[in-house]
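final.cif follows; it contains mmCIF, C-alpha atoms.
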```
data_protein
#
loop_
_atom_site.label_atom_id
_atom_site.label_comp_id
_atom_site.auth_asym_id
_atom_site.auth_seq_id
_atom_site.Cartn_x
_atom_site.Cartn_y
_atom_site.Cartn_z
CA MET A 16 0.00 0.00 0.00
CA ASP A 17 1.17 3.54 -0.73
CA VAL A 18 2.17 5.89 2.06
CA ARG A 19 1.10 9.52 1.81
CA TYR A 20 2.99 12.25 3.72
CA GLU A 21 1.18 15.45 4.63
CA TRP A 22 2.61 18.60 6.20
CA ARG A 23 0.32 20.18 8.82
CA ALA A 24 -2.36 17.59 8.04
CA PRO A 25 -5.47 17.40 10.20
CA PHE A 26 -5.37 14.44 12.57
CA ASP A 27 -7.33 12.83 15.36
CA ASN A 28 -5.84 13.14 18.86
CA ALA A 29 -6.82 9.56 19.65
CA ALA A 30 -4.86 8.27 16.65
CA VAL A 31 -1.69 10.15 17.66
CA ASN A 32 -2.08 9.08 21.28
CA ALA A 33 -2.43 5.41 20.23
CA LEU A 34 0.54 5.62 17.84
CA HIS A 35 2.68 7.36 20.48
CA ALA A 36 1.78 4.84 23.22
CA ASP A 37 2.61 1.92 20.94
CA GLY A 38 5.75 3.48 19.49
CA PHE A 39 7.24 4.63 22.80
CA ASP A 40 5.88 1.68 24.81
CA HIS A 41 3.90 3.59 27.42
CA ALA A 42 0.32 3.66 28.65
CA LEU A 43 -2.30 5.19 26.40
CA LEU A 44 -2.68 8.87 27.31
CA ASP A 45 -5.36 11.39 26.46
CA LEU A 46 -3.22 14.33 25.30
CA ASP A 47 -4.46 17.21 23.19
CA TRP A 48 -1.84 16.94 20.45
CA TRP A 49 -3.78 19.19 18.11
CA ASN A 50 -3.78 22.15 20.50
CA GLN A 51 -0.12 21.56 21.34
CA VAL A 52 1.16 21.54 17.76
CA GLU A 53 -1.12 24.37 16.64
CA ARG A 54 0.23 26.61 19.42
CA HIS A 55 3.90 25.64 19.56
CA SER A 56 5.05 24.03 16.34
CA LEU A 57 6.28 25.14 12.97
CA GLY A 58 4.41 22.10 11.71
CA TRP A 59 4.12 18.36 11.79
CA VAL A 60 4.09 15.53 9.31
CA CYS A 61 1.57 12.71 9.21
CA ALA A 62 2.29 9.48 7.35
CA LEU A 63 -0.95 7.89 6.20
CA GLU A 64 -1.69 4.54 4.65
CA ALA A 65 -5.17 4.94 3.17
CA ASP A 66 -6.65 7.03 5.99
CA ARG A 67 -4.78 5.28 8.81
CA LEU A 68 -2.08 7.23 10.68
CA ILE A 69 1.10 5.14 10.60
CA GLY A 70 3.69 7.83 11.36
CA PHE A 71 4.00 11.24 12.93
CA VAL A 72 6.69 13.80 13.67
CA ASN A 73 6.36 17.17 15.37
CA VAL A 74 8.58 20.06 14.25
CA ALA A 75 8.84 22.57 17.09
CA TRP A 76 10.69 25.85 16.57
CA ASP A 77 11.97 28.99 18.20
CA GLY A 78 10.06 31.31 15.87
CA GLY A 79 13.19 32.02 13.85
CA ALA A 80 16.17 30.08 12.57
CA HIS A 81 15.91 26.86 14.61
CA ALA A 82 13.47 23.98 14.14
CA PHE A 83 13.49 20.88 16.32
CA VAL A 84 12.37 17.35 15.48
CA VAL A 85 10.47 15.73 18.37
CA ASP A 86 8.24 12.73 18.82
CA THR A 87 9.17 10.89 15.63
CA VAL A 88 7.11 7.72 15.72
CA VAL A 89 6.21 5.00 13.22
CA ASP A 90 3.74 2.16 13.69
CA ARG A 91 5.68 -0.94 14.76
CA ALA A 92 4.38 -2.96 11.80
CA ARG A 93 5.65 -0.33 9.31
CA ARG A 94 9.15 0.24 10.74
CA HIS A 95 12.19 -0.36 8.54
CA ALA A 96 10.13 0.38 5.42
CA GLY A 97 11.22 4.00 4.88
CA VAL A 98 8.29 5.66 6.65
CA GLY A 99 10.48 7.44 9.22
CA ARG A 100 12.79 8.66 6.49
CA GLY A 101 9.77 9.97 4.58
CA LEU A 102 8.57 11.87 7.64
CA LEU A 103 12.00 13.48 8.11
CA ASP A 104 12.34 14.32 4.41
CA VAL A 105 9.11 16.34 4.56
CA ALA A 106 10.08 17.93 7.90
CA THR A 107 13.43 18.99 6.43
CA ARG A 108 11.92 20.37 3.23
CA GLU A 109 9.21 22.33 5.02
CA SER A 110 11.57 23.68 7.69
CA ARG A 111 13.84 24.96 4.93
CA ALA A 112 10.87 26.45 3.05
CA ALA A 113 9.81 28.28 6.25
CA GLY A 114 13.21 29.99 6.34
CA CYS A 115 14.81 28.00 9.15
CA ASP A 116 18.59 27.72 9.06
CA TRP A 117 18.89 24.67 11.29
CA LEU A 118 16.94 21.49 11.98
CA HIS A 119 17.94 19.93 15.29
CA VAL A 120 17.30 16.46 16.68
CA ASP A 121 18.46 14.62 19.74
CA PHE A 122 18.21 10.87 19.98
CA GLU A 123 19.26 7.82 21.91
CA GLU A 124 22.37 6.05 20.65
CA GLU A 125 20.46 3.14 19.10
CA LEU A 126 18.82 5.63 16.70
CA ARG A 127 22.11 7.12 15.45
CA GLU A 128 22.11 5.08 12.24
CA PHE A 129 18.61 6.30 11.42
CA TYR A 130 19.13 10.01 12.08
CA VAL A 131 22.78 10.34 11.02
CA GLY A 132 23.03 7.53 8.49
CA ALA A 133 19.62 7.45 6.82
CA CYS A 134 18.37 11.01 7.32
CA GLY A 135 21.60 13.00 6.92
CA PHE A 136 21.83 14.73 10.29
CA ALA A 137 25.38 15.65 11.29
CA PRO A 138 26.51 14.56 14.75
CA THR A 139 27.05 17.48 17.11
CA SER A 140 27.97 18.07 20.72
CA ALA A 141 25.02 19.04 22.87
CA GLY A 142 24.11 19.41 26.50
CA LEU A 143 21.23 18.08 28.52
CA ILE A 144 19.89 18.53 32.03
CA ALA A 145 17.58 15.76 33.27
CA LEU A 146 14.63 17.45 34.94
CA ARG A 147 13.01 14.21 36.16
#
```
Rewrite the coordinates I just gave you, this time as structure tokens.
Amino acid sequence: MDVRYEWRAPFDNAAVNALHADGFDHALLDLDWWNQVERHSLGWVCALEADRLIGFVNVAWDGGAHAFVVDTVVDRARRHAGVGRGLLDVATRESRAAGCDWLHVDFEEELREFYVGACGFAPTSAGLIALR
């Protein structure tokens, strides 16, 4: 089946919550994703197979030169089929079109090959403070 990628596509909160819970292996939450991304994000990308949400990425930003990839998630059954790469390709293109100079991502080490190898991110030094 063909995968369709849509920038700033309408979506159902329940679908994103289910995808996120499955993809990040946590309990199903009832978050208002729509309100969050509408208020705080440059955009987001939905990957759809027919009308079923199979991938999602949020692109937060600082209102200027910096965009940030967060919450990249692909349905477990569709992983390793290029869906994540498709999400990031659209996020990169649209961040560039919006005038951003930089697209940032942080990730756990096991995802290095995906972000650096498959998606073309350059490794950088960064800092982090654990708040919880």
Please write the residues picked by the PyMOL selection byres ((chain A and resi 141) around 12) on this file as a VMD selection string.
chain A and resid 119 to 122 138 to 140 142 to 144
Just want the 8 Å neighbourhood of segment 47-54 of chain A, counted on only C-alpha atoms, with same-chain residues fewer than 6 positions away dropped. Output as a PDB file with C-alpha atoms, in the frame of the given file.
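What follows is the written file result-v3.pdb:
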```
ATOM      1  CA  PHE A  26      -5.370  14.440  12.570  1.00  0.00           C
ATOM      2  CA  ASP A  27      -7.330  12.830  15.360  1.00  0.00           C
ATOM      3  CA  ASN A  28      -5.840  13.140  18.860  1.00  0.00           C
ATOM      4  CA  VAL A  31      -1.690  10.150  17.660  1.00  0.00           C
ATOM      5  CA  ASN A  32      -2.080   9.080  21.280  1.00  0.00           C
ATOM      6  CA  ASN A  73       6.360  17.170  15.370  1.00  0.00           C
ATOM      7  CA  ALA A  75       8.840  22.570  17.090  1.00  0.00           C
TER       8      ALA A  75
END
```
Closest of A:Arg67, A:Arg100, A:Arg147, A:Arg111 to Ala133 of chain A - atom-to-atom distances counting only C-alpha atoms:
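When distances to Ala133 of chain A are compared using only C-alpha atoms, the smallest one comes from A:Arg100.
Take atom CA of Val85 of chain A and atom CA of Arg19 of chain A: the distance between them is 20.0 Å.
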Work out how far apart atom CA of Val89 of chain A and atom CA of Ala30 of chain A are and give it in Å to one decimal.
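Straight-line distance from atom CA of Val89 of chain A to atom CA of Ala30 of chain A works out to 12.0 Å.
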What lies within 8 Å of segment 57-60 of chain A using all atoms listed in the file, ignoring chain neighbours under 2 positions off, as a PDB file with C-alpha atoms, in the frame of the given file?
```
ATOM      1  CA  TYR A  20       2.990  12.250   3.720  1.00  0.00           C
ATOM      2  CA  GLU A  21       1.180  15.450   4.630  1.00  0.00           C
ATOM      3  CA  TRP A  22       2.610  18.600   6.200  1.00  0.00           C
ATOM      4  CA  ARG A  23       0.320  20.180   8.820  1.00  0.00           C
ATOM      5  CA  ALA A  24      -2.360  17.590   8.040  1.00  0.00           C
ATOM      6  CA  VAL A  52       1.160  21.540  17.760  1.00  0.00           C
ATOM      7  CA  GLU A  53      -1.120  24.370  16.640  1.00  0.00           C
ATOM      8  CA  HIS A  55       3.900  25.640  19.560  1.00  0.00           C
ATOM      9  CA  ALA A  62       2.290   9.480   7.350  1.00  0.00           C
ATOM     10  CA  GLY A  70       3.690   7.830  11.360  1.00  0.00           C
ATOM     11  CA  PHE A  71       4.000  11.240  12.930  1.00  0.00           C
ATOM     12  CA  VAL A  72       6.690  13.800  13.670  1.00  0.00           C
ATOM     13  CA  ASN A  73       6.360  17.170  15.370  1.00  0.00           C
ATOM     14  CA  VAL A  74       8.580  20.060  14.250  1.00  0.00           C
ATOM     15  CA  ALA A  75       8.840  22.570  17.090  1.00  0.00           C
ATOM     16  CA  TRP A  76      10.690  25.850  16.570  1.00  0.00           C
ATOM     17  CA  GLY A  78      10.060  31.310  15.870  1.00  0.00           C
ATOM     18  CA  ALA A  82      13.470  23.980  14.140  1.00  0.00           C
ATOM     19  CA  LEU A 102       8.570  11.870   7.640  1.00  0.00           C
ATOM     20  CA  VAL A 105       9.110  16.340   4.560  1.00  0.00           C
ATOM     21  CA  ALA A 106      10.080  17.930   7.900  1.00  0.00           C
ATOM     22  CA  SER A 110      11.570  23.680   7.690  1.00  0.00           C
TER      23      SER A 110
END
```
Return as CSV the residues of segment 38-66 of chain A lying at most 10 Å from segment 91-99 of chain A, together with the closest atom-to-atom pair for each and the distance in Å to one decimal, counting all atoms listed in the file, with rows in chain order and ascending residue number.
```
residue,atom,partner,partner_atom,distance
A:Gly38,CA,A:Arg91,CA,6.5
A:Phe39,CA,A:Arg91,CA,9.9
A:Ala62,CA,A:Val98,CA,7.1
A:Leu63,CA,A:Val98,CA,9.5
A:Glu64,CA,A:Arg93,CA,10.0
```
Report, in Å to a single decimal, how far apart atom CA of Cys61 of chain A and atom CA of Asp37 of chain A are.
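Computing the Euclidean distance for atom CA of Asp37 of chain A and atom CA of Cys61 of chain A yields 16.0 Å.
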Between A:Leu146, A:Ile69, A:Cys115, A:Ala33, which residue has the minimum interatomic distance to His81 of chain A, considering all atoms listed in the file?
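Looking at the shortest contact to His81 of chain A, the residue is A:Cys115.
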Selected residue of minimal separation from Ala137 of chain A among A:His35, A:Gly79, A:Glu124, A:Leu118, counting only C-alpha atoms:
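Of all the options, A:Leu118 lies closest to Ala137 of chain A.
Using only C-alpha atoms, the shortest contact distance between Ala36 of chain A and any of A:Gly132, A:Asp77, A:Asp86, A:Asp66 is found at A:Asp86.
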